>>> print(open('entry_21.txt').read())   # compact mmCIF, C-alpha atoms
# COMPACT_ATOMS: atom_id res chain seq x y z
CA MET A 1 44.74 -6.83 47.91
CA LYS A 2 42.53 -4.00 46.86
CA SER A 3 43.78 -0.77 45.40
CA ARG A 4 42.34 2.46 46.62
CA ASN A 5 42.04 3.80 43.10
CA GLY A 6 39.92 1.04 41.55
CA PRO A 7 39.83 -2.69 40.97
CA ASP A 8 42.75 -4.93 41.83
CA PRO A 9 45.18 -4.89 38.87
CA THR A 10 46.34 -8.41 39.58
CA ARG A 11 42.87 -9.81 39.29
CA ARG A 12 41.88 -11.06 35.82
CA SER A 13 38.77 -9.70 34.23
CA ALA A 14 35.93 -12.09 33.57
CA ARG A 15 36.41 -11.62 29.83
CA ALA A 16 40.15 -12.11 29.65
CA GLY A 17 40.06 -15.89 29.65
CA GLY A 18 36.61 -16.19 28.04
CA ARG A 19 34.96 -15.12 24.81
CA GLU A 20 35.51 -11.63 23.45
CA GLY A 21 32.44 -9.46 22.82
CA GLY A 22 31.03 -9.37 19.26
CA PHE A 23 29.31 -11.61 16.75
CA THR A 24 30.46 -14.84 15.19
CA LEU A 25 30.50 -15.33 11.44
CA ILE A 26 27.45 -17.61 11.65
CA GLU A 27 25.46 -15.00 13.57
CA MET A 28 26.35 -12.34 11.01
CA MET A 29 25.31 -14.62 8.13
CA VAL A 30 21.97 -15.38 9.79
CA VAL A 31 21.26 -11.65 10.19
CA ILE A 32 22.21 -10.96 6.55
CA VAL A 33 19.93 -13.77 5.31
CA ILE A 34 17.02 -12.42 7.39
CA ILE A 35 17.58 -8.90 6.02
CA GLY A 36 17.68 -10.32 2.48
CA ILE A 37 14.38 -12.16 2.94
CA LEU A 38 12.71 -9.05 4.35
CA ALA A 39 14.04 -6.93 1.46
CA ALA A 40 12.73 -9.42 -1.12
CA VAL A 41 9.26 -9.40 0.44
CA LEU A 42 9.17 -5.59 0.59
CA ILE A 43 10.36 -5.16 -3.00
CA THR A 44 7.66 -7.55 -4.22
CA GLN A 45 5.00 -5.60 -2.34
CA ILE A 46 6.23 -2.22 -3.54
CA SER A 47 6.61 -3.21 -7.20
CA GLY A 48 3.03 -4.49 -7.32
CA ARG A 49 1.78 -1.21 -5.96
CA ALA A 50 3.83 0.77 -8.46
CA ASP A 51 2.24 -1.16 -11.34
CA ARG A 52 -1.24 -0.61 -9.91
CA ALA A 53 -0.49 3.10 -9.54
CA LYS A 54 0.51 3.31 -13.23
CA VAL A 55 -2.79 1.72 -14.25
CA GLU A 56 -4.78 4.09 -12.04
CA ALA A 57 -2.82 7.11 -13.28
CA THR A 58 -3.49 6.05 -16.88
CA LYS A 59 -7.22 5.68 -16.21
CA ALA A 60 -7.29 9.14 -14.64
CA MET A 61 -5.40 10.67 -17.57
CA ILE A 62 -7.77 9.00 -20.07
CA ALA A 63 -10.71 10.53 -18.19
CA GLN A 64 -9.03 13.96 -18.26
CA VAL A 65 -8.28 13.71 -21.99
CA SER A 66 -11.85 12.57 -22.68
CA GLN A 67 -13.20 15.54 -20.78
CA ALA A 68 -10.93 17.90 -22.76
CA LEU A 69 -12.08 16.31 -26.03
CA ASP A 70 -15.72 16.78 -25.07
CA MET A 71 -15.10 20.42 -24.12
CA PHE A 72 -13.37 21.00 -27.47
CA LYS A 73 -16.43 19.49 -29.22
CA LEU A 74 -18.79 21.77 -27.27
CA ASP A 75 -16.76 24.86 -28.15
CA HIS A 76 -15.96 24.08 -31.80
CA ASN A 77 -18.72 21.68 -32.88
CA ARG A 78 -16.22 18.96 -33.80
CA TYR A 79 -13.56 16.81 -32.20
CA PRO A 80 -9.90 17.71 -32.77
CA THR A 81 -8.03 15.78 -35.44
CA ARG A 82 -5.16 15.00 -33.03
CA LEU A 83 -4.50 15.29 -29.31
CA ASP A 84 -1.97 18.09 -29.84
CA ASP A 85 -4.92 20.26 -30.92
CA LEU A 86 -5.93 20.33 -27.25
CA LEU A 87 -2.70 22.16 -26.38
CA VAL A 88 -2.35 24.72 -29.17
CA ALA A 89 -5.24 26.20 -31.13
CA PRO A 90 -5.49 24.76 -34.64
CA SER A 91 -5.66 27.38 -37.38
CA ASP A 92 -9.27 26.49 -38.27
CA VAL A 93 -10.89 27.23 -34.86
CA ASP A 94 -12.37 30.46 -33.55
CA VAL A 95 -9.69 31.89 -31.25
CA LYS A 96 -12.38 33.75 -29.30
CA LYS A 97 -13.67 30.36 -28.12
CA TRP A 98 -10.19 29.09 -27.26
CA PRO A 99 -9.66 28.86 -23.47
CA PRO A 100 -6.57 30.55 -22.01
CA GLY A 101 -3.91 27.87 -21.71
CA GLY A 102 -5.72 25.43 -23.99
CA TYR A 103 -7.74 22.38 -23.02
CA LEU A 104 -4.75 20.54 -21.51
CA LYS A 105 -1.63 21.98 -19.87
CA LYS A 106 0.78 19.43 -21.38
CA ALA A 107 0.81 16.53 -23.81
CA PRO A 108 -0.98 13.57 -22.26
CA ARG A 109 1.10 10.45 -21.50
CA ASP A 110 0.08 7.16 -19.94
CA GLY A 111 1.53 5.69 -16.74
CA TRP A 112 4.39 4.14 -18.73
CA ASP A 113 5.26 7.54 -20.27
CA LYS A 114 3.93 6.64 -23.73
CA GLU A 115 1.61 8.65 -25.95
CA PHE A 116 -2.04 7.69 -26.10
CA ILE A 117 -3.56 6.37 -29.29
CA TYR A 118 -6.32 8.70 -30.47
CA ARG A 119 -8.76 7.62 -33.16
CA ILE A 120 -11.57 9.63 -34.64
CA PRO A 121 -14.14 8.28 -35.29
CA GLY A 122 -13.81 5.66 -32.62
CA THR A 123 -14.60 1.98 -32.79
CA LYS A 124 -17.86 0.29 -31.86
CA GLY A 125 -19.98 3.39 -32.49
CA GLN A 126 -17.97 5.69 -30.21
CA PRO A 127 -17.15 9.25 -31.37
CA TYR A 128 -13.46 8.75 -30.51
CA ASP A 129 -11.05 6.31 -28.87
CA VAL A 130 -8.32 7.18 -26.39
CA VAL A 131 -6.26 4.06 -25.76
CA SER A 132 -3.17 2.96 -23.82
CA PHE A 133 -1.83 -0.48 -24.64
CA GLY A 134 -0.64 -0.92 -21.06
CA GLU A 135 2.68 -2.09 -19.75
CA ASP A 136 3.63 -4.25 -22.77
CA MET A 137 2.84 -1.48 -25.31
CA ARG A 138 1.07 -4.01 -27.56
CA GLU A 139 -2.59 -4.44 -28.36
CA GLY A 140 -4.32 -7.00 -26.17
CA GLY A 141 -2.88 -8.42 -23.00
CA GLU A 142 -3.94 -9.18 -19.46
CA GLY A 143 -3.16 -7.79 -16.04
CA TYR A 144 -0.90 -4.74 -16.24
CA ALA A 145 -0.50 -5.34 -19.98
CA GLU A 146 -4.26 -4.97 -20.54
CA ASP A 147 -5.37 -2.22 -22.92
CA LEU A 148 -7.06 0.75 -21.25
CA TRP A 149 -9.83 2.55 -23.17
CA ASN A 150 -11.91 5.68 -22.71
CA HIS A 151 -15.12 3.63 -23.00
CA GLU A 152 -16.44 0.26 -21.92
CA ALA A 153 -17.70 -0.72 -25.38
CA TYR A 154 -14.38 -2.31 -26.28
CA LYS A 155 -13.95 -4.24 -23.01
CA ARG A 156 -14.16 -8.00 -23.30
>>> encode(input="entry_21.txt", output="structure tokens")
Amino acid sequence: MKSRNGPDPTRRSARAGGREGGFTLIEMMVVIVIIGILAAVLITQISGRADRAKVEATKAMIAQVSQALDMFKLDHNRYPTRLDDLLVAPSDVDVKKWPPGGYLKKAPRDGWDKEFIYRIPGTKGQPYDVVSFGEDMREGGEGYAEDLWNHEAYKR
């Protein structure tokens, strides 16, 4: 018997005696494991790129600091005694030759947010050294822990 207002109320739905809609515990666990594997792969990829970006940022900052040091030398006929002298005019320089804002806008830091090592005179016949000891913050190292220099003379 069919009702005029819809399906027959006495008739059982196809789902009533069968399986309810939804996921089983096994299906949920499989999905969670797949998501975990994908997350692990993505994190590995992203972390490697972050380390490479820190190395590239450090190389770029070393080049910028080297350029500022060379400009200071051209203007004042000597290299500064410390990197902070690129930010604020030392008392022994001609203020007329000092560029507005200094030679650098802020104190230079490497990709790991550490100060550079500045040596004057430099090693191996170089006028100066600007060095970052890399990720491990110790002299020497390989990969992301490799030292980064302003010149190739110190490269192995």
>>> atom_distance(input="entry_21.txt", atom1="atom CA of Ala53 of chain A", atom2="atom CA of Val65 of chain A")
18.1 Å
>>> residues_around(input="entry_21.txt", residues="Arg138 of chain A", least_positions_apart="6", cutoff="12 Å", atoms="only C-alpha atoms", output="ChimeraX atom specification")
/A:114,117,131-132,144-148
>>> axis_aligned_box(input="entry_21.txt", around="segment 129-144 of chain A", padding_each_side="3 Å", output="lines of an AutoDock Vina configuration file")
center_x = -3.7
center_y = -1.0
center_z = -22.5
size_x = 20.7
size_y = 22.4
size_z = 18.8
>>> residues_around(input="entry_21.txt", residues="Glu152 of chain A", least_positions_apart="4", cutoff="12 Å", atoms="only C-alpha atoms", output="PyMOL selection string")
chain A and resi 123-126+129-131+147-148+156
>>> atom_distance(input="entry_21.txt", atom1="atom CA of Pro99 of chain A", atom2="atom CA of Gln67 of chain A")
14.0 Å
